[in-house]
Every structure is written in C-alpha cells, then in structure tokens.
file input.cif (mmCIF, N, CA and C atoms)
data_input
#
loop_
_atom_site.label_atom_id
_atom_site.label_comp_id
_atom_site.auth_asym_id
_atom_site.auth_seq_id
_atom_site.Cartn_x
_atom_site.Cartn_y
_atom_site.Cartn_z
N GLU Z 1441 -11.69 0.60 -20.97
CA GLU Z 1441 -12.13 -0.28 -19.90
C GLU Z 1441 -10.93 -1.08 -19.41
N GLN Z 1442 -10.75 -1.13 -18.10
CA GLN Z 1442 -9.61 -1.81 -17.51
C GLN Z 1442 -9.95 -3.25 -17.16
N GLN Z 1443 -9.09 -4.18 -17.59
CA GLN Z 1443 -9.28 -5.59 -17.27
C GLN Z 1443 -8.72 -5.86 -15.88
N GLU Z 1444 -9.43 -6.64 -15.08
CA GLU Z 1444 -8.97 -6.99 -13.74
C GLU Z 1444 -9.15 -8.48 -13.53
N THR Z 1445 -8.09 -9.13 -13.07
CA THR Z 1445 -8.15 -10.57 -12.83
C THR Z 1445 -8.91 -10.84 -11.54
N PRO Z 1446 -9.46 -12.03 -11.40
CA PRO Z 1446 -10.17 -12.36 -10.15
C PRO Z 1446 -9.27 -12.27 -8.91
N VAL Z 1447 -8.01 -12.66 -9.05
CA VAL Z 1447 -7.10 -12.60 -7.90
C VAL Z 1447 -6.87 -11.15 -7.47
N SER Z 1448 -6.67 -10.25 -8.45
CA SER Z 1448 -6.44 -8.85 -8.09
C SER Z 1448 -7.71 -8.23 -7.51
N LYS Z 1449 -8.86 -8.66 -7.97
CA LYS Z 1449 -10.12 -8.16 -7.41
C LYS Z 1449 -10.26 -8.61 -5.95
N VAL Z 1450 -9.93 -9.87 -5.66
CA VAL Z 1450 -10.00 -10.38 -4.29
C VAL Z 1450 -9.02 -9.62 -3.40
N VAL Z 1451 -7.80 -9.40 -3.87
CA VAL Z 1451 -6.81 -8.66 -3.10
C VAL Z 1451 -7.28 -7.23 -2.84
N SER Z 1452 -7.87 -6.59 -3.85
CA SER Z 1452 -8.38 -5.23 -3.67
C SER Z 1452 -9.50 -5.19 -2.63
N LEU Z 1453 -10.39 -6.14 -2.68
CA LEU Z 1453 -11.48 -6.18 -1.70
C LEU Z 1453 -10.97 -6.47 -0.30
N ILE Z 1454 -9.98 -7.33 -0.17
CA ILE Z 1454 -9.39 -7.61 1.14
C ILE Z 1454 -8.69 -6.36 1.68
N ALA Z 1455 -7.96 -5.66 0.82
CA ALA Z 1455 -7.28 -4.44 1.24
C ALA Z 1455 -8.28 -3.38 1.69
N LEU Z 1456 -9.36 -3.23 0.94
CA LEU Z 1456 -10.40 -2.28 1.33
C LEU Z 1456 -11.03 -2.67 2.66
N SER Z 1457 -11.26 -3.95 2.86
CA SER Z 1457 -11.82 -4.43 4.13
C SER Z 1457 -10.87 -4.16 5.30
N VAL Z 1458 -9.58 -4.35 5.07
CA VAL Z 1458 -8.58 -4.10 6.12
C VAL Z 1458 -8.56 -2.62 6.48
N VAL Z 1459 -8.60 -1.75 5.47
CA VAL Z 1459 -8.60 -0.31 5.72
C VAL Z 1459 -9.83 0.09 6.52
N LEU Z 1460 -10.98 -0.44 6.13
CA LEU Z 1460 -12.21 -0.10 6.85
C LEU Z 1460 -12.20 -0.69 8.26
N ALA Z 1461 -11.70 -1.90 8.43
CA ALA Z 1461 -11.66 -2.53 9.75
C ALA Z 1461 -10.68 -1.81 10.68
N ALA Z 1462 -9.59 -1.28 10.13
CA ALA Z 1462 -8.61 -0.57 10.94
C ALA Z 1462 -9.07 0.83 11.31
N GLY Z 1463 -10.11 1.32 10.65
CA GLY Z 1463 -10.63 2.64 10.97
C GLY Z 1463 -9.87 3.77 10.29
N ALA Z 1464 -9.11 3.45 9.25
CA ALA Z 1464 -8.33 4.47 8.57
C ALA Z 1464 -9.22 5.50 7.88
N HIS Z 1465 -10.41 5.11 7.48
CA HIS Z 1465 -11.31 6.05 6.83
C HIS Z 1465 -11.73 7.15 7.80
N ARG Z 1466 -11.90 6.81 9.07
CA ARG Z 1466 -12.24 7.82 10.07
C ARG Z 1466 -11.09 8.78 10.30
N GLU Z 1467 -9.89 8.25 10.26
CA GLU Z 1467 -8.69 9.08 10.42
C GLU Z 1467 -8.58 10.09 9.28
N VAL Z 1468 -8.83 9.63 8.08
CA VAL Z 1468 -8.76 10.52 6.91
C VAL Z 1468 -9.83 11.61 7.00
N LEU Z 1469 -11.04 11.24 7.38
CA LEU Z 1469 -12.11 12.23 7.52
C LEU Z 1469 -11.81 13.23 8.64
N ALA Z 1470 -11.22 12.77 9.73
CA ALA Z 1470 -10.85 13.67 10.82
C ALA Z 1470 -9.78 14.66 10.36
N ILE Z 1471 -8.83 14.18 9.58
CA ILE Z 1471 -7.79 15.07 9.04
C ILE Z 1471 -8.41 16.10 8.11
N LEU Z 1472 -9.33 15.66 7.29
CA LEU Z 1472 -9.99 16.58 6.37
C LEU Z 1472 -10.75 17.66 7.13
N MET Z 1473 -11.48 17.29 8.17
CA MET Z 1473 -12.22 18.27 8.96
C MET Z 1473 -11.27 19.22 9.69
N ARG Z 1474 -10.17 18.69 10.19
CA ARG Z 1474 -9.17 19.54 10.88
C ARG Z 1474 -8.54 20.51 9.90
N SER Z 1475 -8.38 20.11 8.65
CA SER Z 1475 -7.78 21.00 7.66
C SER Z 1475 -8.63 22.24 7.43
N PHE Z 1476 -9.96 22.11 7.55
CA PHE Z 1476 -10.82 23.28 7.39
C PHE Z 1476 -10.73 24.21 8.59
N GLU Z 1477 -10.38 23.66 9.77
CA GLU Z 1477 -10.17 24.51 10.94
C GLU Z 1477 -8.84 25.25 10.83
N VAL Z 1478 -7.81 24.53 10.37
CA VAL Z 1478 -6.49 25.14 10.24
C VAL Z 1478 -6.46 26.11 9.07
N PHE Z 1479 -7.06 25.72 7.97
CA PHE Z 1479 -7.10 26.53 6.76
C PHE Z 1479 -8.53 26.90 6.41
N PRO Z 1480 -9.02 28.01 6.88
CA PRO Z 1480 -10.36 28.40 6.45
C PRO Z 1480 -10.39 28.63 4.94
N VAL Z 1481 -11.55 28.46 4.36
CA VAL Z 1481 -11.70 28.62 2.92
C VAL Z 1481 -11.32 30.06 2.54
N GLY Z 1482 -10.48 30.22 1.53
CA GLY Z 1482 -10.05 31.53 1.07
C GLY Z 1482 -8.70 31.95 1.61
N MET Z 1483 -8.15 31.21 2.55
CA MET Z 1483 -6.85 31.55 3.12
C MET Z 1483 -5.74 31.09 2.18
N GLY Z 1484 -4.66 31.85 2.12
CA GLY Z 1484 -3.54 31.51 1.24
C GLY Z 1484 -2.77 30.29 1.72
N PHE Z 1485 -2.04 29.67 0.81
CA PHE Z 1485 -1.26 28.47 1.10
C PHE Z 1485 0.18 28.73 0.66
N HIS Z 1486 1.14 28.56 1.56
CA HIS Z 1486 2.55 28.79 1.26
C HIS Z 1486 3.21 27.47 0.84
N ALA Z 1487 3.22 27.22 -0.44
CA ALA Z 1487 3.73 25.96 -0.95
C ALA Z 1487 5.24 25.83 -0.76
N GLU Z 1488 5.96 26.95 -0.78
CA GLU Z 1488 7.42 26.87 -0.66
C GLU Z 1488 7.86 26.37 0.71
N ARG Z 1489 7.05 26.58 1.74
CA ARG Z 1489 7.39 26.09 3.08
C ARG Z 1489 7.10 24.60 3.24
N THR Z 1490 6.14 24.11 2.52
CA THR Z 1490 5.67 22.74 2.75
C THR Z 1490 6.13 21.74 1.71
N SER Z 1491 6.76 22.19 0.65
CA SER Z 1491 7.08 21.27 -0.45
C SER Z 1491 7.99 20.12 0.00
N LEU Z 1492 9.02 20.41 0.79
CA LEU Z 1492 9.93 19.35 1.25
C LEU Z 1492 9.21 18.37 2.17
N ALA Z 1493 8.36 18.87 3.05
CA ALA Z 1493 7.61 17.98 3.95
C ALA Z 1493 6.64 17.10 3.16
N LEU Z 1494 6.01 17.66 2.12
CA LEU Z 1494 5.11 16.85 1.29
C LEU Z 1494 5.87 15.78 0.53
N VAL Z 1495 7.05 16.12 0.03
CA VAL Z 1495 7.87 15.13 -0.68
C VAL Z 1495 8.30 14.02 0.28
N ASN Z 1496 8.68 14.39 1.51
CA ASN Z 1496 9.06 13.38 2.50
C ASN Z 1496 7.89 12.48 2.87
N LEU Z 1497 6.69 13.07 2.98
CA LEU Z 1497 5.51 12.27 3.29
C LEU Z 1497 5.20 11.28 2.16
N ALA Z 1498 5.28 11.75 0.93
CA ALA Z 1498 5.01 10.87 -0.22
C ALA Z 1498 6.07 9.78 -0.36
N SER Z 1499 7.34 10.13 -0.16
CA SER Z 1499 8.39 9.12 -0.27
C SER Z 1499 8.29 8.10 0.86
N GLY Z 1500 7.89 8.54 2.04
CA GLY Z 1500 7.67 7.60 3.15
C GLY Z 1500 6.55 6.63 2.85
N ALA Z 1501 5.48 7.13 2.23
CA ALA Z 1501 4.36 6.27 1.87
C ALA Z 1501 4.78 5.25 0.82
N MET Z 1502 5.58 5.68 -0.15
CA MET Z 1502 6.05 4.72 -1.17
C MET Z 1502 6.99 3.68 -0.56
N ALA Z 1503 7.87 4.11 0.34
CA ALA Z 1503 8.78 3.16 0.99
C ALA Z 1503 7.99 2.15 1.83
N GLN Z 1504 6.95 2.62 2.52
CA GLN Z 1504 6.11 1.71 3.31
C GLN Z 1504 5.41 0.70 2.40
N GLY Z 1505 4.94 1.14 1.25
CA GLY Z 1505 4.31 0.22 0.30
C GLY Z 1505 5.26 -0.85 -0.19
N VAL Z 1506 6.51 -0.45 -0.46
CA VAL Z 1506 7.52 -1.43 -0.90
C VAL Z 1506 7.81 -2.42 0.23
N ARG Z 1507 7.94 -1.92 1.46
CA ARG Z 1507 8.20 -2.82 2.59
C ARG Z 1507 7.06 -3.82 2.79
N LEU Z 1508 5.83 -3.36 2.60
CA LEU Z 1508 4.69 -4.26 2.77
C LEU Z 1508 4.62 -5.31 1.65
N GLY Z 1509 5.11 -4.98 0.47
CA GLY Z 1509 5.07 -5.90 -0.65
C GLY Z 1509 6.26 -6.85 -0.74
N LEU Z 1510 7.30 -6.63 0.08
CA LEU Z 1510 8.50 -7.46 -0.01
C LEU Z 1510 8.28 -8.95 0.26
N PRO Z 1511 7.44 -9.35 1.21
CA PRO Z 1511 7.26 -10.80 1.40
C PRO Z 1511 6.72 -11.49 0.14
N ALA Z 1512 5.73 -10.89 -0.50
CA ALA Z 1512 5.19 -11.49 -1.73
C ALA Z 1512 6.22 -11.47 -2.84
N LEU Z 1513 7.02 -10.42 -2.92
CA LEU Z 1513 8.07 -10.35 -3.93
C LEU Z 1513 9.13 -11.43 -3.70
N ALA Z 1514 9.50 -11.64 -2.44
CA ALA Z 1514 10.50 -12.67 -2.13
C ALA Z 1514 9.99 -14.06 -2.49
N VAL Z 1515 8.74 -14.35 -2.16
CA VAL Z 1515 8.16 -15.66 -2.49
C VAL Z 1515 8.08 -15.82 -4.00
N SER Z 1516 7.70 -14.77 -4.69
CA SER Z 1516 7.62 -14.83 -6.15
C SER Z 1516 8.99 -15.10 -6.77
N LEU Z 1517 10.01 -14.44 -6.26
CA LEU Z 1517 11.37 -14.65 -6.78
C LEU Z 1517 11.83 -16.08 -6.54
N ILE Z 1518 11.58 -16.60 -5.36
CA ILE Z 1518 11.98 -17.98 -5.05
C ILE Z 1518 11.22 -18.98 -5.93
N LEU Z 1519 9.92 -18.75 -6.10
CA LEU Z 1519 9.13 -19.67 -6.93
C LEU Z 1519 9.54 -19.59 -8.40
N GLN Z 1520 9.82 -18.41 -8.90
CA GLN Z 1520 10.27 -18.27 -10.30
C GLN Z 1520 11.60 -18.98 -10.52
N THR Z 1521 12.51 -18.85 -9.54
CA THR Z 1521 13.79 -19.53 -9.64
C THR Z 1521 13.60 -21.05 -9.62
N ALA Z 1522 12.76 -21.54 -8.72
CA ALA Z 1522 12.51 -22.98 -8.65
C ALA Z 1522 11.86 -23.49 -9.93
N LEU Z 1523 10.91 -22.74 -10.48
CA LEU Z 1523 10.27 -23.15 -11.73
C LEU Z 1523 11.25 -23.13 -12.89
N ALA Z 1524 12.17 -22.18 -12.91
CA ALA Z 1524 13.18 -22.14 -13.96
C ALA Z 1524 14.10 -23.35 -13.88
N LEU Z 1525 14.47 -23.74 -12.66
CA LEU Z 1525 15.31 -24.93 -12.50
C LEU Z 1525 14.57 -26.20 -12.93
N VAL Z 1526 13.29 -26.29 -12.60
CA VAL Z 1526 12.50 -27.45 -13.01
C VAL Z 1526 12.37 -27.48 -14.53
N ALA Z 1527 12.14 -26.33 -15.15
CA ALA Z 1527 12.01 -26.27 -16.60
C ALA Z 1527 13.32 -26.64 -17.29
N ARG Z 1528 14.41 -26.27 -16.67
CA ARG Z 1528 15.73 -26.60 -17.24
C ARG Z 1528 16.02 -28.10 -17.09
N ALA Z 1529 15.62 -28.67 -15.96
CA ALA Z 1529 15.89 -30.09 -15.71
C ALA Z 1529 14.98 -31.00 -16.53
N ALA Z 1530 13.74 -30.58 -16.75
CA ALA Z 1530 12.79 -31.40 -17.49
C ALA Z 1530 12.14 -30.55 -18.57
N PRO Z 1531 12.81 -30.39 -19.72
CA PRO Z 1531 12.29 -29.50 -20.77
C PRO Z 1531 10.97 -29.99 -21.37
N GLN Z 1532 10.68 -31.29 -21.30
CA GLN Z 1532 9.44 -31.79 -21.89
C GLN Z 1532 8.22 -31.47 -21.02
N LEU Z 1533 8.43 -31.05 -19.77
CA LEU Z 1533 7.32 -30.71 -18.87
C LEU Z 1533 6.74 -29.36 -19.26
N GLN Z 1534 5.43 -29.28 -19.32
CA GLN Z 1534 4.75 -28.02 -19.63
C GLN Z 1534 4.74 -27.15 -18.36
N ILE Z 1535 5.83 -26.45 -18.13
CA ILE Z 1535 6.00 -25.71 -16.89
C ILE Z 1535 5.09 -24.49 -16.81
N PHE Z 1536 4.66 -23.95 -17.95
CA PHE Z 1536 3.79 -22.77 -17.92
C PHE Z 1536 2.47 -23.10 -17.25
N ASN Z 1537 1.89 -24.26 -17.58
CA ASN Z 1537 0.61 -24.64 -16.98
C ASN Z 1537 0.74 -24.89 -15.48
N VAL Z 1538 1.80 -25.58 -15.09
CA VAL Z 1538 2.03 -25.86 -13.68
C VAL Z 1538 2.47 -24.59 -12.95
N GLY Z 1539 3.31 -23.81 -13.61
CA GLY Z 1539 3.87 -22.61 -12.99
C GLY Z 1539 2.84 -21.58 -12.63
N PHE Z 1540 1.82 -21.41 -13.45
CA PHE Z 1540 0.79 -20.43 -13.15
C PHE Z 1540 0.07 -20.78 -11.86
N THR Z 1541 -0.27 -22.05 -11.70
CA THR Z 1541 -0.95 -22.50 -10.49
C THR Z 1541 -0.06 -22.35 -9.27
N VAL Z 1542 1.19 -22.71 -9.43
CA VAL Z 1542 2.14 -22.60 -8.32
C VAL Z 1542 2.33 -21.14 -7.92
N MET Z 1543 2.43 -20.24 -8.89
CA MET Z 1543 2.63 -18.82 -8.59
C MET Z 1543 1.41 -18.21 -7.89
N VAL Z 1544 0.22 -18.55 -8.36
CA VAL Z 1544 -0.99 -18.02 -7.72
C VAL Z 1544 -1.11 -18.56 -6.31
N ALA Z 1545 -0.91 -19.85 -6.13
CA ALA Z 1545 -1.01 -20.45 -4.79
C ALA Z 1545 0.08 -19.89 -3.86
N GLY Z 1546 1.29 -19.77 -4.36
CA GLY Z 1546 2.37 -19.22 -3.55
C GLY Z 1546 2.14 -17.77 -3.17
N GLY Z 1547 1.64 -16.99 -4.11
CA GLY Z 1547 1.32 -15.59 -3.82
C GLY Z 1547 0.23 -15.45 -2.78
N MET Z 1548 -0.81 -16.26 -2.90
CA MET Z 1548 -1.89 -16.21 -1.92
C MET Z 1548 -1.41 -16.66 -0.54
N LEU Z 1549 -0.57 -17.71 -0.48
CA LEU Z 1549 -0.03 -18.15 0.81
C LEU Z 1549 0.87 -17.08 1.43
N ALA Z 1550 1.69 -16.44 0.61
CA ALA Z 1550 2.56 -15.37 1.13
C ALA Z 1550 1.72 -14.21 1.64
N PHE Z 1551 0.67 -13.88 0.89
CA PHE Z 1551 -0.21 -12.79 1.31
C PHE Z 1551 -0.90 -13.12 2.62
N MET Z 1552 -1.44 -14.32 2.72
CA MET Z 1552 -2.14 -14.70 3.95
C MET Z 1552 -1.16 -14.83 5.13
N GLY Z 1553 0.04 -15.31 4.86
CA GLY Z 1553 1.03 -15.45 5.92
C GLY Z 1553 1.53 -14.12 6.46
N SER Z 1554 1.58 -13.11 5.62
CA SER Z 1554 2.08 -11.80 6.06
C SER Z 1554 0.96 -10.84 6.40
N LEU Z 1555 -0.28 -11.29 6.39
CA LEU Z 1555 -1.42 -10.40 6.61
C LEU Z 1555 -1.40 -9.75 7.99
N ASP Z 1556 -1.00 -10.50 9.03
CA ASP Z 1556 -0.94 -9.92 10.38
C ASP Z 1556 0.02 -8.75 10.44
N GLY Z 1557 1.20 -8.94 9.89
CA GLY Z 1557 2.20 -7.87 9.88
C GLY Z 1557 1.78 -6.69 9.03
N VAL Z 1558 1.13 -6.97 7.91
CA VAL Z 1558 0.67 -5.91 7.03
C VAL Z 1558 -0.39 -5.06 7.71
N VAL Z 1559 -1.34 -5.71 8.37
CA VAL Z 1559 -2.40 -4.98 9.07
C VAL Z 1559 -1.81 -4.14 10.19
N MET Z 1560 -0.85 -4.69 10.92
CA MET Z 1560 -0.22 -3.95 12.01
C MET Z 1560 0.52 -2.72 11.48
N LYS Z 1561 1.30 -2.89 10.43
CA LYS Z 1561 2.05 -1.77 9.86
C LYS Z 1561 1.12 -0.74 9.24
N LEU Z 1562 0.03 -1.18 8.59
CA LEU Z 1562 -0.92 -0.22 8.04
C LEU Z 1562 -1.59 0.59 9.14
N GLY Z 1563 -1.89 -0.06 10.25
CA GLY Z 1563 -2.47 0.66 11.38
C GLY Z 1563 -1.51 1.69 11.95
N GLU Z 1564 -0.24 1.31 12.10
CA GLU Z 1564 0.77 2.26 12.58
C GLU Z 1564 0.92 3.43 11.62
N SER Z 1565 0.94 3.13 10.33
CA SER Z 1565 1.09 4.18 9.33
C SER Z 1565 -0.12 5.10 9.32
N ALA Z 1566 -1.32 4.55 9.50
CA ALA Z 1566 -2.53 5.37 9.49
C ALA Z 1566 -2.53 6.33 10.67
N HIS Z 1567 -2.01 5.90 11.81
CA HIS Z 1567 -1.98 6.78 12.98
C HIS Z 1567 -0.88 7.84 12.86
N MET Z 1568 0.14 7.58 12.07
CA MET Z 1568 1.21 8.56 11.89
C MET Z 1568 0.87 9.60 10.83
N ILE Z 1569 -0.06 9.28 9.95
CA ILE Z 1569 -0.40 10.23 8.88
C ILE Z 1569 -1.03 11.49 9.44
N GLY Z 1570 -1.91 11.33 10.42
CA GLY Z 1570 -2.60 12.48 10.99
C GLY Z 1570 -1.66 13.55 11.53
N PRO Z 1571 -0.75 13.20 12.46
CA PRO Z 1571 0.17 14.21 12.97
C PRO Z 1571 1.08 14.80 11.88
N ASN Z 1572 1.49 13.98 10.92
CA ASN Z 1572 2.35 14.51 9.85
C ASN Z 1572 1.61 15.52 9.00
N VAL Z 1573 0.37 15.23 8.65
CA VAL Z 1573 -0.41 16.16 7.84
C VAL Z 1573 -0.71 17.43 8.63
N GLU Z 1574 -1.00 17.29 9.91
CA GLU Z 1574 -1.24 18.48 10.73
C GLU Z 1574 0.00 19.36 10.81
N ARG Z 1575 1.16 18.74 10.94
CA ARG Z 1575 2.43 19.50 10.96
C ARG Z 1575 2.62 20.24 9.64
N ILE Z 1576 2.31 19.59 8.54
CA ILE Z 1576 2.44 20.23 7.23
C ILE Z 1576 1.46 21.39 7.11
N LEU Z 1577 0.25 21.19 7.58
CA LEU Z 1577 -0.74 22.26 7.52
C LEU Z 1577 -0.33 23.45 8.39
N GLU Z 1578 0.26 23.19 9.54
CA GLU Z 1578 0.74 24.29 10.39
C GLU Z 1578 1.87 25.05 9.70
N MET Z 1579 2.73 24.31 9.00
CA MET Z 1579 3.84 24.97 8.29
C MET Z 1579 3.32 25.86 7.16
N ALA Z 1580 2.21 25.49 6.57
CA ALA Z 1580 1.69 26.21 5.41
C ALA Z 1580 0.97 27.50 5.79
N ARG Z 1581 0.67 27.67 7.06
CA ARG Z 1581 -0.06 28.88 7.49
C ARG Z 1581 0.74 30.12 7.29
#
call {"tool": "encode", "arguments": {"input": "input.cif", "output": "structure tokens"}}
result
Amino acid sequence: EQQETPVSKVVSLIALSVVLAAGAHREVLAILMRSFEVFPVGMGFHAERTSLALVNLASGAMAQGVRLGLPALAVSLILQTALALVARAAPQLQIFNVGFTVMVAGGMLAFMGSLDGVVMKLGESAHMIGPNVERILEMAR
C-alpha cells in the first residue's frame, strides 16, 4: 500500500482537473481511434523505423516535465538555503518545525504562481502530441 501525503493528493487532483479542463483526454482518445484507422488489428508493426522517433517523443516529454517543475524546484532551493542560514545563525531555534511549514507554504505559492504558465504549456504539449504520434504511426506502416 502506497502512502500519500495530503499535499501530494491535492496536487494530483489539481493536475487531473487541469488535464480534464484542457481537454487532453479527448485528444488522447482521438489519437487512439486514429491509430485503429492507421493500423488495423492484425497488421504488422515496424519497430526499427519508429524506435528513434519514440525515444525522441519520450525524451521531449521528460524535458517538458522538468521545465514545468523548475519554478517549484527553484523556490525550494532558495527556501532550503534560507532555512540553512537561519539554522546556522540561531542554532537554538527549532528550524525543523518552522522549516516544514515554510517549505509547504512556499511550494504551494510557487505552484499557484506558476499555474497559468503550466496550464498553457500543458495545452501546447497536448496539441503537439497528436501530430507526433500520427507521424510515428505513419512511419511504422
């Protein structure tokens, strides 16, 4: 059984809501239906032609994920550095108790502040996935 914190659950639900609001689920279903037109059931698949394109598609998706997560990472790095300086300056202060609250609040503020850009980039990425997958499917014929 996997443990999930309340903050990660909220972030997961917000991400799911963003995907549904952007209509990405319809794009995925349209691609799936188009794949049955391009590749009828029982037709062969040429993996050697498409392997490089699939690797490029996967690496692009990972790079996009890193780009979307950079604002939260930057805020986290700045807050960790500030908390380390405070802990060094005042060793008697219980920085762990204060730091947890500061990190959660800072992460949520960074997430909410970058939400417009994240939604815009996710929408752009969702619209680019369709043509890329269709190109890969055409190559595999």
call {"tool": "resolve_selection", "arguments": {"input": "input.cif", "expression": "the PyMOL selection byres ((chain Z and resi 1488-1492) around 8)", "output": "ChimeraX atom specification"}}
result
/Z:1485-1487,1493-1498,1575-1577,1579-1581
call {"tool": "closest_residue", "arguments": {"input": "input.cif", "among": "Z:Ile1471, Z:Leu1453, Z:Leu1508, Z:Leu1523", "to": "Gly1557 in chain Z", "atoms": "all atoms listed in the file"}}
result
Z:Leu1508
call {"tool": "select_by_dssp", "arguments": {"input": "input.cif", "residues": "range 1478-1515 of chain Z", "states": "alpha helix (DSSP H)", "output": "MDAnalysis selection string"}}
result
chainID Z and resid 1478 1487:1515
call {"tool": "closest_residue", "arguments": {"input": "input.cif", "among": "Z:Val1542, Z:Leu1510, Z:Ala1501, Z:Val1481", "to": "Val1558 in chain Z", "atoms": "only C-alpha atoms"}}
result
Z:Leu1510
call {"tool": "residues_around", "arguments": {"input": "input.cif", "residues": "Ala1512 in chain Z", "least_positions_apart": "5", "cutoff": "7 Å", "atoms": "only N, CA and C atoms", "output": "list in words"}}
result
Leu1517, Gly1547, Ala1550 and Phe1551 of chain Z
call {"tool": "resolve_selection", "arguments": {"input": "input.cif", "expression": "the PyMOL selection byres (((chain Z and resi 1478 and name CA) around 8) and name CA)", "output": "list in words"}}
result
Arg1474, Ser1475, Phe1476, Glu1477, Phe1479, Pro1480, Leu1577, Glu1578 and Arg1581 of chain Z
call {"tool": "resolve_selection", "arguments": {"input": "input.cif", "expression": "the PyMOL selection byres (((chain Z and resi 1546 and name CA) around 12) and name CA)", "output": "number ranges by chain"}}
result
Z: 1511-1520, 1522, 1539-1545, 1547-1553
call {"tool": "atom_distance", "arguments": {"input": "input.cif", "atom1": "CA of Asn1572 in chain Z", "atom2": "atom N of Val1468 in chain Z"}}
result
12.3 Å
call {"tool": "atom_distance", "arguments": {"input": "input.cif", "atom1": "CA of Glu1467 in chain Z", "atom2": "CA of Ile1454 in chain Z"}}
result
19.1 Å
call {"tool": "atom_distance", "arguments": {"input": "input.cif", "atom1": "atom C of Lys1449 in chain Z", "atom2": "atom N of Met1502 in chain Z"}}
result
22.1 Å
call {"tool": "axis_aligned_box", "arguments": {"input": "input.cif", "around": "range 1443-1453 of chain Z", "padding_each_side": "3 Å", "output": "AutoDock Vina command-line options"}}
result
--center_x -9.0 --center_y -8.4 --center_z -8.9 --size_x 11.0 --size_y 14.5 --size_z 23.3
